[in-house]
Amino acid sequence: MPTLQEVRAIHDLPLPELLFRAHAVHREHHAADEVQLCTLLSVKTGGCAEDCAYCPQSSHYETPVSAEKSLAVDEVLDAAQQARQSGATRFCMGAAWREVKDGPAFDNVLSMVRGVRALGMEACVTLGMLNDDQARRLKDAGLTAYNHNLDTSRSFYKSIITTRTYDDRLRTIENVRKAGITVCSGGIIGMGESLDDRCGMLMTLANLDPQPESVPVNALVPSPGTPLADRPPVDPIELVRMIATARILMPRARVRLSAGRLALSREAQVLCFLSGANSIFYGEKLLTTGNPDVEADRALLRDAGLRAEVAAD
């Protein structure tokens, strides 16, 4: 179980040494030239009761994102089919809920999960907090993974969110794990946290037993109207360091280059792949923020000599 000091020592290595170690770990546990393409769809946008300082979907802030009704099951499955045809092997569905509530909306999500799995794709959802029984129902529907990010360190968390505790997040991850669903959990950098906060978040994730199968690393995309709207952009090298450290600490996980990729140059993205990222969100939108378009991503992978993971038949 790594300590904060040990994680920080990895993070602060000279960059060539850090990249060398991370890439060696990556090659030991993964195909060095393979990247999983994931598509993320917001199935219920806006109106969330949480006060996450980074999120334009929060009802606490005046943002360009307004509350919308949930998408119909057929709409979601049509989008999943299109994503599969474009090369995605994982389809992620997000709902702007504080917590899962039993009823028709949750029943629809279960139908979405069953439909995505029937297409031969991995199905992931992020729905907020959920209890044991809800996790079991998602498992019975065939859910592959549940996303529930820690966002940041325990010590910095209260500066970002007051409507849900850090232990609430860990409890949901525990419920997911007990149901036999794989865990997708990561965080966001660029919110004003210290390097120790970033390393503390990775330490917490690495000390989960078992470790998350999926670790998204996000760079803040400042959203107008939120408390973090004026935060400066994240230096790409800082993102590379986080990805490389995550790869070394969690060698078997898919490390996902997630939000903030639109601001990265092609060279910076390749550096992220070199440091251990082996999954990207694919498509022109991540919930409510921009993302590189499909053709640009295909060209990037081709020019870098990388290949997309192939969907099961």
# chains A, B, ... in the order shown; residues from 1 in each chain; ligands from 1

$ residues_around --residues "region 180-194 of chain A" --least-positions-apart "5" --cutoff "7 Å" --atoms "only C-alpha atoms" --output "ChimeraX atom specification"
/A:139,143-152,156,173,212-220,228,231,234

$ residues_around --residues "region 109-124 of chain A" --least-positions-apart "5" --cutoff "7 Å" --atoms "only C-alpha atoms" --output "PDB file with all heavy atoms, in the first residue's frame"
ATOM      1  N   VAL A  73     -35.061   5.134 -24.209  1.00  0.00           N
ATOM      2  CA  VAL A  73     -34.183   3.972 -24.375  1.00  0.00           C
ATOM      3  C   VAL A  73     -33.776   3.814 -25.835  1.00  0.00           C
ATOM      4  O   VAL A  73     -32.598   3.582 -26.140  1.00  0.00           O
ATOM      5  CB  VAL A  73     -34.878   2.695 -23.854  1.00  0.00           C
ATOM      6  CG1 VAL A  73     -34.019   1.465 -24.153  1.00  0.00           C
ATOM      7  CG2 VAL A  73     -35.143   2.809 -22.355  1.00  0.00           C
ATOM      8  N   VAL A  76     -30.999   6.185 -26.916  1.00  0.00           N
ATOM      9  CA  VAL A  76     -29.693   5.810 -26.375  1.00  0.00           C
ATOM     10  C   VAL A  76     -29.115   4.630 -27.144  1.00  0.00           C
ATOM     11  O   VAL A  76     -27.923   4.619 -27.495  1.00  0.00           O
ATOM     12  CB  VAL A  76     -29.818   5.485 -24.869  1.00  0.00           C
ATOM     13  CG1 VAL A  76     -28.505   4.930 -24.329  1.00  0.00           C
ATOM     14  CG2 VAL A  76     -30.227   6.743 -24.096  1.00  0.00           C
ATOM     15  N   LEU A  77     -29.939   3.646 -27.438  1.00  0.00           N
ATOM     16  CA  LEU A  77     -29.437   2.468 -28.144  1.00  0.00           C
ATOM     17  C   LEU A  77     -29.071   2.791 -29.583  1.00  0.00           C
ATOM     18  O   LEU A  77     -28.134   2.208 -30.146  1.00  0.00           O
ATOM     19  CB  LEU A  77     -30.454   1.336 -28.060  1.00  0.00           C
ATOM     20  CG  LEU A  77     -30.723   0.822 -26.637  1.00  0.00           C
ATOM     21  CD1 LEU A  77     -31.656  -0.372 -26.654  1.00  0.00           C
ATOM     22  CD2 LEU A  77     -29.428   0.481 -25.909  1.00  0.00           C
ATOM     23  N   ALA A  80     -25.695   4.218 -29.248  1.00  0.00           N
ATOM     24  CA  ALA A  80     -24.727   3.156 -28.969  1.00  0.00           C
ATOM     25  C   ALA A  80     -24.369   2.400 -30.250  1.00  0.00           C
ATOM     26  O   ALA A  80     -23.200   2.068 -30.481  1.00  0.00           O
ATOM     27  CB  ALA A  80     -25.285   2.203 -27.916  1.00  0.00           C
ATOM     28  N   THR A  89     -15.757   0.453 -28.343  1.00  0.00           N
ATOM     29  CA  THR A  89     -16.068  -0.853 -27.756  1.00  0.00           C
ATOM     30  C   THR A  89     -16.682  -0.717 -26.365  1.00  0.00           C
ATOM     31  O   THR A  89     -17.113  -1.704 -25.787  1.00  0.00           O
ATOM     32  CB  THR A  89     -14.806  -1.730 -27.640  1.00  0.00           C
ATOM     33  OG1 THR A  89     -13.829  -1.064 -26.813  1.00  0.00           O
ATOM     34  CG2 THR A  89     -14.206  -2.008 -29.013  1.00  0.00           C
ATOM     35  N   ARG A  90     -16.723   0.492 -25.846  1.00  0.00           N
ATOM     36  CA  ARG A  90     -17.311   0.744 -24.524  1.00  0.00           C
ATOM     37  C   ARG A  90     -18.258   1.935 -24.660  1.00  0.00           C
ATOM     38  O   ARG A  90     -17.874   2.968 -25.213  1.00  0.00           O
ATOM     39  CB  ARG A  90     -16.219   1.033 -23.499  1.00  0.00           C
ATOM     40  CG  ARG A  90     -16.696   1.147 -22.043  1.00  0.00           C
ATOM     41  CD  ARG A  90     -15.459   1.357 -21.172  1.00  0.00           C
ATOM     42  NE  ARG A  90     -15.715   1.467 -19.757  1.00  0.00           N
ATOM     43  CZ  ARG A  90     -15.291   0.587 -18.841  1.00  0.00           C
ATOM     44  NH1 ARG A  90     -14.610  -0.487 -19.217  1.00  0.00           N
ATOM     45  NH2 ARG A  90     -15.523   0.769 -17.554  1.00  0.00           N
ATOM     46  N   PHE A  91     -19.474   1.779 -24.157  1.00  0.00           N
ATOM     47  CA  PHE A  91     -20.464   2.847 -24.227  1.00  0.00           C
ATOM     48  C   PHE A  91     -20.826   3.241 -22.803  1.00  0.00           C
ATOM     49  O   PHE A  91     -21.283   2.410 -22.008  1.00  0.00           O
ATOM     50  CB  PHE A  91     -21.703   2.382 -24.989  1.00  0.00           C
ATOM     51  CG  PHE A  91     -22.634   3.505 -25.369  1.00  0.00           C
ATOM     52  CD1 PHE A  91     -22.297   4.388 -26.381  1.00  0.00           C
ATOM     53  CD2 PHE A  91     -23.841   3.680 -24.707  1.00  0.00           C
ATOM     54  CE1 PHE A  91     -23.151   5.435 -26.739  1.00  0.00           C
ATOM     55  CE2 PHE A  91     -24.704   4.710 -25.051  1.00  0.00           C
ATOM     56  CZ  PHE A  91     -24.362   5.596 -26.075  1.00  0.00           C
ATOM     57  N   CYS A  92     -20.590   4.524 -22.494  1.00  0.00           N
ATOM     58  CA  CYS A  92     -20.777   5.032 -21.142  1.00  0.00           C
ATOM     59  C   CYS A  92     -21.976   5.972 -21.118  1.00  0.00           C
ATOM     60  O   CYS A  92     -22.114   6.831 -21.993  1.00  0.00           O
ATOM     61  CB  CYS A  92     -19.533   5.775 -20.664  1.00  0.00           C
ATOM     62  SG  CYS A  92     -18.013   4.805 -20.832  1.00  0.00           S
ATOM     63  N   MET A  93     -22.813   5.820 -20.121  1.00  0.00           N
ATOM     64  CA  MET A  93     -24.038   6.615 -20.001  1.00  0.00           C
ATOM     65  C   MET A  93     -24.035   7.347 -18.676  1.00  0.00           C
ATOM     66  O   MET A  93     -23.849   6.731 -17.622  1.00  0.00           O
ATOM     67  CB  MET A  93     -25.253   5.695 -20.110  1.00  0.00           C
ATOM     68  CG  MET A  93     -25.379   5.031 -21.474  1.00  0.00           C
ATOM     69  SD  MET A  93     -26.452   3.556 -21.463  1.00  0.00           S
ATOM     70  CE  MET A  93     -25.290   2.308 -20.871  1.00  0.00           C
ATOM     71  N   LEU A 138     -28.152  -3.579 -11.374  1.00  0.00           N
ATOM     72  CA  LEU A 138     -27.303  -3.205 -12.505  1.00  0.00           C
ATOM     73  C   LEU A 138     -26.446  -4.392 -12.960  1.00  0.00           C
ATOM     74  O   LEU A 138     -26.275  -4.624 -14.160  1.00  0.00           O
ATOM     75  CB  LEU A 138     -26.413  -2.020 -12.125  1.00  0.00           C
ATOM     76  CG  LEU A 138     -27.111  -0.657 -12.056  1.00  0.00           C
ATOM     77  CD1 LEU A 138     -26.233   0.355 -11.327  1.00  0.00           C
ATOM     78  CD2 LEU A 138     -27.467  -0.143 -13.457  1.00  0.00           C
ATOM     79  N   ALA A 141     -28.483  -6.766 -14.929  1.00  0.00           N
ATOM     80  CA  ALA A 141     -28.752  -6.254 -16.281  1.00  0.00           C
ATOM     81  C   ALA A 141     -27.551  -6.409 -17.200  1.00  0.00           C
ATOM     82  O   ALA A 141     -27.667  -6.205 -18.418  1.00  0.00           O
ATOM     83  CB  ALA A 141     -29.162  -4.785 -16.213  1.00  0.00           C
ATOM     84  N   GLY A 142     -26.396  -6.744 -16.625  1.00  0.00           N
ATOM     85  CA  GLY A 142     -25.201  -6.975 -17.427  1.00  0.00           C
ATOM     86  C   GLY A 142     -24.183  -5.859 -17.405  1.00  0.00           C
ATOM     87  O   GLY A 142     -23.257  -5.848 -18.225  1.00  0.00           O
ATOM     88  N   LEU A 143     -24.334  -4.910 -16.480  1.00  0.00           N
ATOM     89  CA  LEU A 143     -23.419  -3.769 -16.458  1.00  0.00           C
ATOM     90  C   LEU A 143     -21.966  -4.220 -16.320  1.00  0.00           C
ATOM     91  O   LEU A 143     -21.642  -5.037 -15.466  1.00  0.00           O
ATOM     92  CB  LEU A 143     -23.774  -2.824 -15.299  1.00  0.00           C
ATOM     93  CG  LEU A 143     -22.989  -1.510 -15.288  1.00  0.00           C
ATOM     94  CD1 LEU A 143     -23.379  -0.622 -16.455  1.00  0.00           C
ATOM     95  CD2 LEU A 143     -23.209  -0.758 -13.962  1.00  0.00           C
ATOM     96  N   THR A 144     -21.115  -3.647 -17.160  1.00  0.00           N
ATOM     97  CA  THR A 144     -19.685  -3.959 -17.129  1.00  0.00           C
ATOM     98  C   THR A 144     -18.963  -3.167 -16.039  1.00  0.00           C
ATOM     99  O   THR A 144     -18.156  -3.727 -15.288  1.00  0.00           O
ATOM    100  CB  THR A 144     -19.041  -3.622 -18.487  1.00  0.00           C
ATOM    101  OG1 THR A 144     -19.790  -4.208 -19.542  1.00  0.00           O
ATOM    102  CG2 THR A 144     -17.598  -4.106 -18.527  1.00  0.00           C
ATOM    103  N   ALA A 145     -19.236  -1.862 -15.989  1.00  0.00           N
ATOM    104  CA  ALA A 145     -18.473  -0.984 -15.104  1.00  0.00           C
ATOM    105  C   ALA A 145     -19.356   0.145 -14.582  1.00  0.00           C
ATOM    106  O   ALA A 145     -20.279   0.593 -15.274  1.00  0.00           O
ATOM    107  CB  ALA A 145     -17.269  -0.397 -15.836  1.00  0.00           C
ATOM    108  N   TYR A 146     -19.031   0.593 -13.372  1.00  0.00           N
ATOM    109  CA  TYR A 146     -19.717   1.745 -12.795  1.00  0.00           C
ATOM    110  C   TYR A 146     -18.673   2.821 -12.544  1.00  0.00           C
ATOM    111  O   TYR A 146     -17.654   2.584 -11.890  1.00  0.00           O
ATOM    112  CB  TYR A 146     -20.405   1.378 -11.477  1.00  0.00           C
ATOM    113  CG  TYR A 146     -21.407   2.423 -11.019  1.00  0.00           C
ATOM    114  CD1 TYR A 146     -22.720   2.375 -11.448  1.00  0.00           C
ATOM    115  CD2 TYR A 146     -21.036   3.470 -10.171  1.00  0.00           C
ATOM    116  CE1 TYR A 146     -23.654   3.331 -11.054  1.00  0.00           C
ATOM    117  CE2 TYR A 146     -21.946   4.436  -9.772  1.00  0.00           C
ATOM    118  CZ  TYR A 146     -23.252   4.354 -10.215  1.00  0.00           C
ATOM    119  OH  TYR A 146     -24.170   5.310  -9.825  1.00  0.00           O
ATOM    120  N   ASN A 147     -18.928   4.019 -13.091  1.00  0.00           N
ATOM    121  CA  ASN A 147     -18.014   5.137 -12.881  1.00  0.00           C
ATOM    122  C   ASN A 147     -18.445   5.963 -11.676  1.00  0.00           C
ATOM    123  O   ASN A 147     -19.592   6.406 -11.588  1.00  0.00           O
ATOM    124  CB  ASN A 147     -17.964   6.034 -14.115  1.00  0.00           C
ATOM    125  CG  ASN A 147     -17.243   7.349 -13.833  1.00  0.00           C
ATOM    126  OD1 ASN A 147     -17.873   8.387 -13.647  1.00  0.00           O
ATOM    127  ND2 ASN A 147     -15.931   7.312 -13.762  1.00  0.00           N
ATOM    128  N   ALA A 311     -14.138  -4.456 -31.328  1.00  0.00           N
ATOM    129  CA  ALA A 311     -15.321  -4.923 -30.594  1.00  0.00           C
ATOM    130  C   ALA A 311     -15.523  -6.407 -30.817  1.00  0.00           C
ATOM    131  O   ALA A 311     -15.204  -6.953 -31.885  1.00  0.00           O
ATOM    132  CB  ALA A 311     -16.552  -4.153 -31.053  1.00  0.00           C
ATOM    133  N   ALA A 312     -16.085  -7.069 -29.798  1.00  0.00           N
ATOM    134  CA  ALA A 312     -16.407  -8.486 -29.924  1.00  0.00           C
ATOM    135  C   ALA A 312     -17.578  -8.648 -30.892  1.00  0.00           C
ATOM    136  O   ALA A 312     -18.466  -7.799 -30.967  1.00  0.00           O
ATOM    137  CB  ALA A 312     -16.774  -9.061 -28.562  1.00  0.00           C
ATOM    138  N   ASP A 313     -17.574  -9.740 -31.647  1.00  0.00           N
ATOM    139  CA  ASP A 313     -18.674 -10.012 -32.583  1.00  0.00           C
ATOM    140  C   ASP A 313     -19.899 -10.532 -31.819  1.00  0.00           C
ATOM    141  O   ASP A 313     -19.779 -11.157 -30.787  1.00  0.00           O
ATOM    142  CB  ASP A 313     -18.247 -11.040 -33.623  1.00  0.00           C
ATOM    143  CG  ASP A 313     -17.177 -10.465 -34.556  1.00  0.00           C
ATOM    144  OD1 ASP A 313     -17.242  -9.259 -34.842  1.00  0.00           O
ATOM    145  OD2 ASP A 313     -16.295 -11.230 -34.973  1.00  0.00           O
TER     146      ASP A 313
END

$ atom_distance --atom1 "CA of Asp78 (chain A)" --atom2 "CA of Ala95 (chain A)"
17.4 Å

$ residues_around --residues "Gln211 (chain A)" --least-positions-apart "5" --cutoff "12 Å" --atoms "only C-alpha atoms" --output "PyMOL selection string"
chain A and resi 1+173-174+177+182-186+202-206+246-247+249-254

$ residues_around --residues "region 279-281 of chain A" --least-positions-apart "3" --cutoff "8 Å" --atoms "only C-alpha atoms" --output "VMD selection string"
chain A and resid 35 to 40 254 to 258 286 291

$ write_last_selection --atoms "N, CA and C atoms" --output "CSV table (one decimal), in the first residue's frame"
chain,number,residue,atom,x,y,z
A,35,VAL,N,-5.4,1.0,-28.1
A,35,VAL,CA,-6.2,2.0,-27.4
A,35,VAL,C,-7.7,1.7,-27.5
A,36,GLN,N,-8.3,1.6,-26.3
A,36,GLN,CA,-9.8,1.4,-26.3
A,36,GLN,C,-10.5,2.7,-26.6
A,37,LEU,N,-11.5,2.7,-27.5
A,37,LEU,CA,-12.3,3.8,-27.8
A,37,LEU,C,-13.6,3.7,-27.0
A,38,CYS,N,-13.9,4.7,-26.3
A,38,CYS,CA,-15.2,4.8,-25.5
A,38,CYS,C,-16.0,6.0,-25.9
A,39,THR,N,-17.3,5.8,-25.9
A,39,THR,CA,-18.2,6.9,-26.2
A,39,THR,C,-19.0,7.2,-25.0
A,40,LEU,N,-19.2,8.4,-24.6
A,40,LEU,CA,-19.9,8.9,-23.5
A,40,LEU,C,-21.1,9.7,-23.9
A,254,ARG,N,-7.0,0.2,-17.0
A,254,ARG,CA,-7.0,1.0,-18.2
A,254,ARG,C,-7.0,2.5,-17.6
A,255,VAL,N,-6.0,3.2,-18.0
A,255,VAL,CA,-5.8,4.6,-17.7
A,255,VAL,C,-6.4,5.4,-18.8
A,256,ARG,N,-7.5,6.2,-18.5
A,256,ARG,CA,-8.3,6.8,-19.5
A,256,ARG,C,-7.9,8.3,-19.6
A,257,LEU,N,-7.5,8.7,-20.8
A,257,LEU,CA,-7.2,10.1,-21.1
A,257,LEU,C,-8.6,10.7,-21.4
A,258,SER,N,-9.1,11.5,-20.5
A,258,SER,CA,-10.5,11.9,-20.5
A,258,SER,C,-10.7,13.4,-20.8
A,286,LEU,N,-18.4,15.2,-24.4
A,286,LEU,CA,-18.3,14.4,-23.2
A,286,LEU,C,-19.3,15.0,-22.2
A,291,ASN,N,-15.0,17.6,-27.2
A,291,ASN,CA,-14.0,16.5,-27.4
A,291,ASN,C,-13.6,16.5,-28.8

$ atom_distance --atom1 "CA of Leu274 (chain A)" --atom2 "CA of Ile237 (chain A)"
12.4 Å
